[in-house]
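**Student:** Quick one: the structure is below, questions incoming.
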Amino acid sequence: MKYNIRGENIEVTGAIKEYVEKKIGKLARYFDEEPSSEVHVNLSVYNDEQQIEVTIPMPNLLLRAEEQHVDLYAAIDLVVDKLERQIRKHKTKVNRKFRNEGAPKYVFAQMEDEAKRADPYDDNDIEIVRNKRFDLKPMDSEEAVLQMDMLGHSFFVFTNVETDSTNVVYRRRDGRYGLIEPS
């Protein structure tokens, strides 16, 4: 795999680069052939907290994970664990789909010890545990942010009074706000 490692507010030393490549390189065992795309790694430091974002673009699949921790090496380990869970989850679904269609080749490599490694995060069944219905009040994005803060939520769905479309405002990890609009 090729690596594109960038640092924001942090100098990417040889030791950090080597550790990132070693850890992310272990993900190659999940593939029949190594992804030819470039692995994008962004390391940053905000308020004494280390953050790592890893993106692995592949055909028909985008693997992406991010993690924050006070220790950079711990954050790297945690983000690799997240990526492994994503790969195992996609591997199960994709291989099942190809088996059903009679395709001769699997997208992911078959692991012999796969049955032994039960993943507690691998839920093949998605269960909705609560359902809410409510009327969307027409408002602008600033009023939606105020409503969201008043309710103590991290996001708020509303009808944008200017565009008459359903929008979502959300609180970002950096404390600022984001707006999601349909295209």
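Within each chain, counting starts at residue 1; across the structure tokens, chains are named A, B, ... in the order shown, with ligands numbered 1 upward in that order.
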Within 6 Å of Asp140 of chain A, counting only C-alpha atoms, which residues qualify if same-chain residues fewer than 3 places away don't, as a ChimeraX atom specification?
**Tutor:** /A:143,160-161
**Student:** Please run DSSP on the backbone and report, as JSON, numbers by chain, all residues within chain A that come out as helix (DSSP H, G or I).
**Tutor:** {"A": [14, 15, 16, 17, 18, 19, 20, 21, 22, 23, 24, 25, 26, 27, 28, 29, 30, 72, 73, 74, 75, 76, 77, 78, 79, 80, 81, 82, 83, 84, 85, 86, 87, 88, 89, 90, 91, 92, 93, 94, 95, 96, 97, 98, 99, 100, 101, 112, 113, 114, 141, 142, 143, 144, 145, 146, 147, 148, 149, 150, 151]}
**Student:** Would you mind listing what lies within 12 Å of Val12 of chain A as an MDAnalysis selection string, with only C-alpha atoms counted and same-chain residues fewer than 2 positions away left out?
**Tutor:** chainID A and resid 4:10 14:20 41:45 52 72
**Student:** Please produce a file of those selected residues containing all heavy atoms, as a compact mmCIF listing (two decimals), in the first residue's frame.
**Tutor:**
# COMPACT_ATOMS: atom_id res chain seq x y z
N ASN A 4 -0.06 8.28 2.23
CA ASN A 4 0.01 9.74 2.19
C ASN A 4 -0.27 10.21 3.61
O ASN A 4 -1.43 10.28 4.03
CB ASN A 4 -1.02 10.30 1.20
CG ASN A 4 -1.02 11.80 1.15
OD1 ASN A 4 -0.15 12.46 1.71
ND2 ASN A 4 -2.02 12.36 0.50
N ILE A 5 0.78 10.49 4.38
CA ILE A 5 0.65 10.84 5.79
C ILE A 5 0.91 12.32 5.96
O ILE A 5 1.98 12.81 5.62
CB ILE A 5 1.62 10.01 6.66
CG1 ILE A 5 1.36 8.51 6.43
CG2 ILE A 5 1.48 10.38 8.12
CD1 ILE A 5 2.35 7.60 7.11
N ARG A 6 -0.10 13.02 6.48
CA ARG A 6 -0.01 14.46 6.71
C ARG A 6 -0.18 14.76 8.18
O ARG A 6 -0.87 14.03 8.89
CB ARG A 6 -1.11 15.19 5.94
CG ARG A 6 -0.98 15.12 4.43
CD ARG A 6 -2.08 15.90 3.71
NE ARG A 6 -2.47 17.12 4.38
CZ ARG A 6 -3.73 17.42 4.70
NH1 ARG A 6 -4.70 16.60 4.41
NH2 ARG A 6 -4.02 18.56 5.31
N GLY A 7 0.39 15.85 8.63
CA GLY A 7 0.24 16.27 10.01
C GLY A 7 -0.24 17.69 10.11
O GLY A 7 0.23 18.56 9.38
N GLU A 8 -1.21 17.92 11.00
CA GLU A 8 -1.69 19.27 11.30
C GLU A 8 -1.32 19.57 12.74
O GLU A 8 -1.71 18.84 13.65
CB GLU A 8 -3.22 19.34 11.18
CG GLU A 8 -3.74 19.45 9.78
CD GLU A 8 -5.26 19.54 9.77
OE1 GLU A 8 -5.84 20.26 10.62
OE2 GLU A 8 -5.87 18.87 8.94
N ASN A 9 -0.58 20.62 12.94
CA ASN A 9 -0.11 21.00 14.28
C ASN A 9 0.77 19.92 14.90
O ASN A 9 0.87 19.84 16.12
CB ASN A 9 -1.28 21.30 15.23
CG ASN A 9 -2.18 22.40 14.70
OD1 ASN A 9 -1.73 23.28 13.98
ND2 ASN A 9 -3.45 22.32 15.03
N ILE A 10 1.36 19.09 14.08
CA ILE A 10 2.23 18.02 14.56
C ILE A 10 3.24 17.70 13.46
O ILE A 10 2.89 17.70 12.28
CB ILE A 10 1.44 16.76 14.97
CG1 ILE A 10 2.36 15.72 15.61
CG2 ILE A 10 0.71 16.17 13.80
CD1 ILE A 10 1.64 14.52 16.18
N GLY A 14 9.88 10.18 11.59
CA GLY A 14 10.10 8.88 10.98
C GLY A 14 9.49 7.76 11.81
O GLY A 14 8.95 6.79 11.27
N ALA A 15 9.59 7.88 13.14
CA ALA A 15 9.03 6.85 14.03
C ALA A 15 7.51 6.78 13.91
O ALA A 15 6.93 5.69 13.86
CB ALA A 15 9.44 7.12 15.47
N ILE A 16 6.86 7.94 13.85
CA ILE A 16 5.40 7.97 13.73
C ILE A 16 4.99 7.37 12.38
O ILE A 16 4.09 6.54 12.30
CB ILE A 16 4.85 9.41 13.87
CG1 ILE A 16 5.07 9.93 15.29
CG2 ILE A 16 3.39 9.47 13.49
CD1 ILE A 16 4.74 11.40 15.47
N LYS A 17 5.69 7.78 11.32
CA LYS A 17 5.39 7.29 9.97
C LYS A 17 5.56 5.77 9.91
O LYS A 17 4.71 5.05 9.39
CB LYS A 17 6.30 7.97 8.97
CG LYS A 17 5.99 7.64 7.55
CD LYS A 17 6.87 8.43 6.60
CE LYS A 17 6.53 8.07 5.17
NZ LYS A 17 7.32 8.79 4.21
N GLU A 18 6.64 5.28 10.49
CA GLU A 18 6.91 3.83 10.49
C GLU A 18 5.83 3.07 11.26
O GLU A 18 5.37 2.02 10.82
CB GLU A 18 8.29 3.58 11.12
CG GLU A 18 8.76 2.17 11.04
CD GLU A 18 10.16 2.03 11.63
OE1 GLU A 18 11.04 2.81 11.26
OE2 GLU A 18 10.33 1.14 12.49
N TYR A 19 5.41 3.61 12.42
CA TYR A 19 4.38 2.96 13.23
C TYR A 19 3.05 2.90 12.49
O TYR A 19 2.36 1.87 12.48
CB TYR A 19 4.23 3.68 14.57
CG TYR A 19 3.38 2.95 15.57
CD1 TYR A 19 3.90 1.88 16.29
CD2 TYR A 19 2.06 3.31 15.80
CE1 TYR A 19 3.13 1.19 17.21
CE2 TYR A 19 1.28 2.64 16.72
CZ TYR A 19 1.81 1.58 17.42
OH TYR A 19 1.05 0.90 18.34
N VAL A 20 2.67 4.02 11.84
CA VAL A 20 1.42 4.08 11.09
C VAL A 20 1.44 3.06 9.95
O VAL A 20 0.49 2.29 9.76
CB VAL A 20 1.16 5.51 10.54
CG1 VAL A 20 0.04 5.51 9.51
CG2 VAL A 20 0.83 6.46 11.67
N VAL A 41 -3.69 9.33 5.46
CA VAL A 41 -3.65 9.39 6.92
C VAL A 41 -3.44 10.84 7.30
O VAL A 41 -2.49 11.49 6.83
CB VAL A 41 -2.50 8.52 7.48
CG1 VAL A 41 -2.48 8.59 8.99
CG2 VAL A 41 -2.63 7.08 7.02
N ASN A 42 -4.32 11.36 8.15
CA ASN A 42 -4.20 12.74 8.61
C ASN A 42 -4.06 12.72 10.12
O ASN A 42 -4.96 12.27 10.83
CB ASN A 42 -5.43 13.54 8.18
CG ASN A 42 -5.24 15.02 8.40
OD1 ASN A 42 -4.12 15.51 8.51
ND2 ASN A 42 -6.34 15.75 8.48
N LEU A 43 -2.93 13.20 10.62
CA LEU A 43 -2.68 13.28 12.06
C LEU A 43 -2.82 14.73 12.48
O LEU A 43 -2.32 15.62 11.79
CB LEU A 43 -1.26 12.79 12.38
CG LEU A 43 -0.89 11.40 11.88
CD1 LEU A 43 0.59 11.18 12.00
CD2 LEU A 43 -1.64 10.36 12.66
N SER A 44 -3.48 14.97 13.60
CA SER A 44 -3.63 16.35 14.06
C SER A 44 -3.69 16.39 15.58
O SER A 44 -3.97 15.40 16.24
CB SER A 44 -4.89 16.99 13.46
OG SER A 44 -6.01 16.19 13.71
N VAL A 45 -3.41 17.58 16.10
CA VAL A 45 -3.45 17.81 17.55
C VAL A 45 -4.34 19.02 17.80
O VAL A 45 -4.13 20.08 17.23
CB VAL A 45 -2.04 18.09 18.12
CG1 VAL A 45 -2.11 18.36 19.61
CG2 VAL A 45 -1.11 16.94 17.83
N ILE A 52 -6.47 11.03 14.66
CA ILE A 52 -6.01 10.38 13.43
C ILE A 52 -7.22 10.03 12.59
O ILE A 52 -8.22 9.55 13.09
CB ILE A 52 -5.16 9.12 13.72
CG1 ILE A 52 -4.72 8.45 12.41
CG2 ILE A 52 -5.88 8.16 14.62
CD1 ILE A 52 -3.70 7.35 12.58
N LEU A 72 -0.99 9.53 20.88
CA LEU A 72 -1.07 9.32 19.44
C LEU A 72 -0.99 7.84 19.07
O LEU A 72 -1.76 7.37 18.22
CB LEU A 72 0.04 10.09 18.72
CG LEU A 72 0.09 9.93 17.21
CD1 LEU A 72 -1.18 10.48 16.57
CD2 LEU A 72 1.30 10.61 16.63
**Student:** Using DSSP assignments from the backbone, pull out every residue in chain A that falls under strand (DSSP E or B) and give it to me as a VMD selection string.
**Tutor:** chain A and resid 2 to 8 31 38 to 46 49 to 58 61 to 69 108 138 to 139 155 to 160 166 to 171 177 to 180
**Student:** Would you mind listing what lies within 10 Å of segment 137-139 of chain A as an MDAnalysis selection string, with only C-alpha atoms counted and same-chain residues fewer than 2 positions away left out?
**Tutor:** chainID A and resid 134:135 141:144 157:166
**Student:** Kindly give the distance, in Å, that separates atom CA of Ala65 of chain A and atom CA of Lys82 of chain A, rounded to a single decimal.
**Tutor:**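 Spanning atom CA of Ala65 of chain A to atom CA of Lys82 of chain A is a straight-line distance of 6.4 Å.
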**Student:** Would you please work out which residue, of A:Thr92, A:Asn47, A:Gln147, A:Phe155, is nearest to Val70 of chain A when using only C-alpha atoms?
**Tutor:**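 Closest to Val70 of chain A, using only C-alpha atoms: A:Asn47.
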**Student:** Extract, using only C-alpha atoms, all DNA, RNA and protein residues at most 10 Å from Gly25 of chain A, discarding same-chain residues fewer than 4 positions from it, and format them as a PDB file with C-alpha atoms, in the first residue's frame.
**Tutor:**
ATOM      1  CA  MET A   1       0.000   0.000   0.000  1.00  0.00           C
ATOM      2  CA  LYS A   2       1.094   3.547  -0.662  1.00  0.00           C
ATOM      3  CA  TYR A   3       0.752   6.028   2.186  1.00  0.00           C
ATOM      4  CA  TYR A  19       4.383   2.959  13.232  1.00  0.00           C
ATOM      5  CA  VAL A  20       1.416   4.077  11.086  1.00  0.00           C
ATOM      6  CA  GLU A  21       2.637   2.099   8.062  1.00  0.00           C
ATOM      7  CA  ARG A  29      -4.038  -9.705   5.219  1.00  0.00           C
ATOM      8  CA  GLU A  34      -3.358  -5.404  -1.764  1.00  0.00           C
ATOM      9  CA  VAL A  39      -4.005   5.304   1.966  1.00  0.00           C
ATOM     10  CA  VAL A  80      -6.823   0.273  13.072  1.00  0.00           C
TER      11      VAL A  80
END
**Student:** Could you check the closest approach to Ser154 of chain A for each of A:Arg173, A:Leu136, A:His90, A:Leu83 and tell me which residue wins, using only C-alpha atoms?
**Tutor:** A:Arg173
**Student:** For atom CA of Leu78 of chain A and atom CA of Arg64 of chain A, determine how far apart the two atoms are, in Å to one decimal place.
**Tutor:**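 Atom-to-atom, atom CA of Leu78 of chain A and atom CA of Arg64 of chain A are spaced 12.7 Å apart.
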**Student:** Using atom CA of Gln51 of chain A and atom CA of Val79 of chain A as the two end points, give the distance in Å to one decimal.
**Tutor:**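 Here the two named atoms are 9.6 Å from each other.
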**Student:** Which one is closest to His40 of chain A: A:Gly175, A:Val54, A:Leu61, A:Ala28? Count only C-alpha atoms.
**Tutor:**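 Answer, going by the shortest atom-to-atom distance: A:Val54.
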**Student:** Taking into account only C-alpha atoms, which residue in the set A:Glu181, A:Glu66, A:Glu127, A:Asp48 is nearest to Val168 of chain A?
**Tutor:**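 The closest residue to Val168 of chain A is A:Glu181.
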**Student:** Identify, on the basis of only C-alpha atoms, every residue whose closest approach to Arg171 of chain A does not exceed 12 Å; exclude the query and any residue fewer than 6 positions from it along the same chain; express the result as a PDB file with all heavy atoms, in the first residue's frame.
**Tutor:**
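The file below, selection.pdb, is the result:
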ATOM      1  N   ALA A 144     -32.730  26.659  14.175  1.00  0.00           N
ATOM      2  CA  ALA A 144     -32.579  25.210  14.368  1.00  0.00           C
ATOM      3  C   ALA A 144     -31.429  24.906  15.318  1.00  0.00           C
ATOM      4  O   ALA A 144     -31.529  24.021  16.176  1.00  0.00           O
ATOM      5  CB  ALA A 144     -32.365  24.523  13.026  1.00  0.00           C
ATOM      6  N   VAL A 145     -30.327  25.656  15.199  1.00  0.00           N
ATOM      7  CA  VAL A 145     -29.195  25.469  16.110  1.00  0.00           C
ATOM      8  C   VAL A 145     -29.613  25.814  17.540  1.00  0.00           C
ATOM      9  O   VAL A 145     -29.278  25.100  18.493  1.00  0.00           O
ATOM     10  CB  VAL A 145     -27.975  26.312  15.666  1.00  0.00           C
ATOM     11  CG1 VAL A 145     -26.912  26.354  16.742  1.00  0.00           C
ATOM     12  CG2 VAL A 145     -27.395  25.778  14.367  1.00  0.00           C
ATOM     13  N   LEU A 146     -30.356  26.888  17.699  1.00  0.00           N
ATOM     14  CA  LEU A 146     -30.836  27.270  19.035  1.00  0.00           C
ATOM     15  C   LEU A 146     -31.747  26.189  19.611  1.00  0.00           C
ATOM     16  O   LEU A 146     -31.644  25.840  20.796  1.00  0.00           O
ATOM     17  CB  LEU A 146     -31.571  28.614  18.981  1.00  0.00           C
ATOM     18  CG  LEU A 146     -30.703  29.833  18.659  1.00  0.00           C
ATOM     19  CD1 LEU A 146     -31.567  31.068  18.450  1.00  0.00           C
ATOM     20  CD2 LEU A 146     -29.686  30.073  19.755  1.00  0.00           C
ATOM     21  N   MET A 148     -31.722  22.997  18.843  1.00  0.00           N
ATOM     22  CA  MET A 148     -30.883  21.837  19.130  1.00  0.00           C
ATOM     23  C   MET A 148     -30.175  22.023  20.476  1.00  0.00           C
ATOM     24  O   MET A 148     -30.151  21.115  21.312  1.00  0.00           O
ATOM     25  CB  MET A 148     -29.847  21.655  18.010  1.00  0.00           C
ATOM     26  CG  MET A 148     -28.857  20.536  18.248  1.00  0.00           C
ATOM     27  SD  MET A 148     -27.609  20.425  16.964  1.00  0.00           S
ATOM     28  CE  MET A 148     -26.667  21.909  17.262  1.00  0.00           C
ATOM     29  N   ASP A 149     -29.589  23.198  20.691  1.00  0.00           N
ATOM     30  CA  ASP A 149     -28.896  23.467  21.953  1.00  0.00           C
ATOM     31  C   ASP A 149     -29.853  23.445  23.132  1.00  0.00           C
ATOM     32  O   ASP A 149     -29.522  22.945  24.205  1.00  0.00           O
ATOM     33  CB  ASP A 149     -28.173  24.814  21.888  1.00  0.00           C
ATOM     34  CG  ASP A 149     -26.933  24.761  21.011  1.00  0.00           C
ATOM     35  OD1 ASP A 149     -26.420  23.645  20.772  1.00  0.00           O
ATOM     36  OD2 ASP A 149     -26.483  25.835  20.570  1.00  0.00           O
ATOM     37  N   GLY A 152     -30.514  19.985  23.992  1.00  0.00           N
ATOM     38  CA  GLY A 152     -29.345  19.234  24.424  1.00  0.00           C
ATOM     39  C   GLY A 152     -28.977  18.102  23.480  1.00  0.00           C
ATOM     40  O   GLY A 152     -28.311  17.148  23.870  1.00  0.00           O
ATOM     41  N   HIS A 153     -29.403  18.184  22.223  1.00  0.00           N
ATOM     42  CA  HIS A 153     -29.106  17.152  21.233  1.00  0.00           C
ATOM     43  C   HIS A 153     -27.851  17.506  20.447  1.00  0.00           C
ATOM     44  O   HIS A 153     -27.383  18.645  20.470  1.00  0.00           O
ATOM     45  CB  HIS A 153     -30.275  16.984  20.258  1.00  0.00           C
ATOM     46  CG  HIS A 153     -31.494  16.403  20.896  1.00  0.00           C
ATOM     47  ND1 HIS A 153     -32.713  16.379  20.273  1.00  0.00           N
ATOM     48  CD2 HIS A 153     -31.699  15.817  22.103  1.00  0.00           C
ATOM     49  CE1 HIS A 153     -33.602  15.808  21.059  1.00  0.00           C
ATOM     50  NE2 HIS A 153     -33.014  15.466  22.178  1.00  0.00           N
ATOM     51  N   SER A 154     -27.329  16.535  19.711  1.00  0.00           N
ATOM     52  CA  SER A 154     -26.149  16.792  18.877  1.00  0.00           C
ATOM     53  C   SER A 154     -26.560  17.046  17.418  1.00  0.00           C
ATOM     54  O   SER A 154     -25.720  17.369  16.596  1.00  0.00           O
ATOM     55  CB  SER A 154     -25.175  15.623  18.957  1.00  0.00           C
ATOM     56  OG  SER A 154     -25.823  14.433  18.577  1.00  0.00           O
ATOM     57  N   PHE A 155     -27.832  16.876  17.086  1.00  0.00           N
ATOM     58  CA  PHE A 155     -28.332  17.194  15.752  1.00  0.00           C
ATOM     59  C   PHE A 155     -29.796  17.596  15.857  1.00  0.00           C
ATOM     60  O   PHE A 155     -30.458  17.346  16.863  1.00  0.00           O
ATOM     61  CB  PHE A 155     -28.168  16.014  14.778  1.00  0.00           C
ATOM     62  CG  PHE A 155     -29.082  14.860  15.086  1.00  0.00           C
ATOM     63  CD1 PHE A 155     -30.309  14.750  14.457  1.00  0.00           C
ATOM     64  CD2 PHE A 155     -28.724  13.893  16.001  1.00  0.00           C
ATOM     65  CE1 PHE A 155     -31.165  13.698  14.741  1.00  0.00           C
ATOM     66  CE2 PHE A 155     -29.559  12.836  16.288  1.00  0.00           C
ATOM     67  CZ  PHE A 155     -30.784  12.738  15.660  1.00  0.00           C
ATOM     68  N   PHE A 156     -30.306  18.232  14.790  1.00  0.00           N
ATOM     69  CA  PHE A 156     -31.696  18.662  14.787  1.00  0.00           C
ATOM     70  C   PHE A 156     -32.190  18.684  13.352  1.00  0.00           C
ATOM     71  O   PHE A 156     -31.552  19.261  12.468  1.00  0.00           O
ATOM     72  CB  PHE A 156     -31.824  20.060  15.404  1.00  0.00           C
ATOM     73  CG  PHE A 156     -33.236  20.505  15.618  1.00  0.00           C
ATOM     74  CD1 PHE A 156     -33.968  20.037  16.696  1.00  0.00           C
ATOM     75  CD2 PHE A 156     -33.846  21.384  14.741  1.00  0.00           C
ATOM     76  CE1 PHE A 156     -35.282  20.440  16.895  1.00  0.00           C
ATOM     77  CE2 PHE A 156     -35.160  21.795  14.933  1.00  0.00           C
ATOM     78  CZ  PHE A 156     -35.872  21.313  16.017  1.00  0.00           C
ATOM     79  N   TYR A 177     -20.742  24.200  14.206  1.00  0.00           N
ATOM     80  CA  TYR A 177     -21.963  23.572  13.703  1.00  0.00           C
ATOM     81  C   TYR A 177     -21.853  23.267  12.219  1.00  0.00           C
ATOM     82  O   TYR A 177     -21.148  23.954  11.486  1.00  0.00           O
ATOM     83  CB  TYR A 177     -23.174  24.482  13.956  1.00  0.00           C
ATOM     84  CG  TYR A 177     -23.393  24.766  15.418  1.00  0.00           C
ATOM     85  CD1 TYR A 177     -22.940  25.950  15.973  1.00  0.00           C
ATOM     86  CD2 TYR A 177     -24.016  23.849  16.233  1.00  0.00           C
ATOM     87  CE1 TYR A 177     -23.113  26.210  17.331  1.00  0.00           C
ATOM     88  CE2 TYR A 177     -24.204  24.097  17.581  1.00  0.00           C
ATOM     89  CZ  TYR A 177     -23.750  25.276  18.131  1.00  0.00           C
ATOM     90  OH  TYR A 177     -23.910  25.526  19.450  1.00  0.00           O
ATOM     91  N   GLY A 178     -22.577  22.255  11.787  1.00  0.00           N
ATOM     92  CA  GLY A 178     -22.644  21.892  10.388  1.00  0.00           C
ATOM     93  C   GLY A 178     -24.089  21.843   9.936  1.00  0.00           C
ATOM     94  O   GLY A 178     -25.001  21.709  10.741  1.00  0.00           O
ATOM     95  N   LEU A 179     -24.289  21.966   8.621  1.00  0.00           N
ATOM     96  CA  LEU A 179     -25.625  21.948   8.027  1.00  0.00           C
ATOM     97  C   LEU A 179     -25.613  20.934   6.887  1.00  0.00           C
ATOM     98  O   LEU A 179     -24.749  20.992   5.999  1.00  0.00           O
ATOM     99  CB  LEU A 179     -26.008  23.321   7.505  1.00  0.00           C
ATOM    100  CG  LEU A 179     -27.326  23.443   6.738  1.00  0.00           C
ATOM    101  CD1 LEU A 179     -28.505  23.196   7.667  1.00  0.00           C
ATOM    102  CD2 LEU A 179     -27.445  24.811   6.092  1.00  0.00           C
ATOM    103  N   ILE A 180     -26.558  20.017   6.885  1.00  0.00           N
ATOM    104  CA  ILE A 180     -26.701  19.047   5.805  1.00  0.00           C
ATOM    105  C   ILE A 180     -27.955  19.406   5.022  1.00  0.00           C
ATOM    106  O   ILE A 180     -29.047  19.511   5.587  1.00  0.00           O
ATOM    107  CB  ILE A 180     -26.829  17.607   6.351  1.00  0.00           C
ATOM    108  CG1 ILE A 180     -25.581  17.245   7.138  1.00  0.00           C
ATOM    109  CG2 ILE A 180     -27.055  16.634   5.205  1.00  0.00           C
ATOM    110  CD1 ILE A 180     -25.664  15.899   7.843  1.00  0.00           C
TER     111      ILE A 180
END
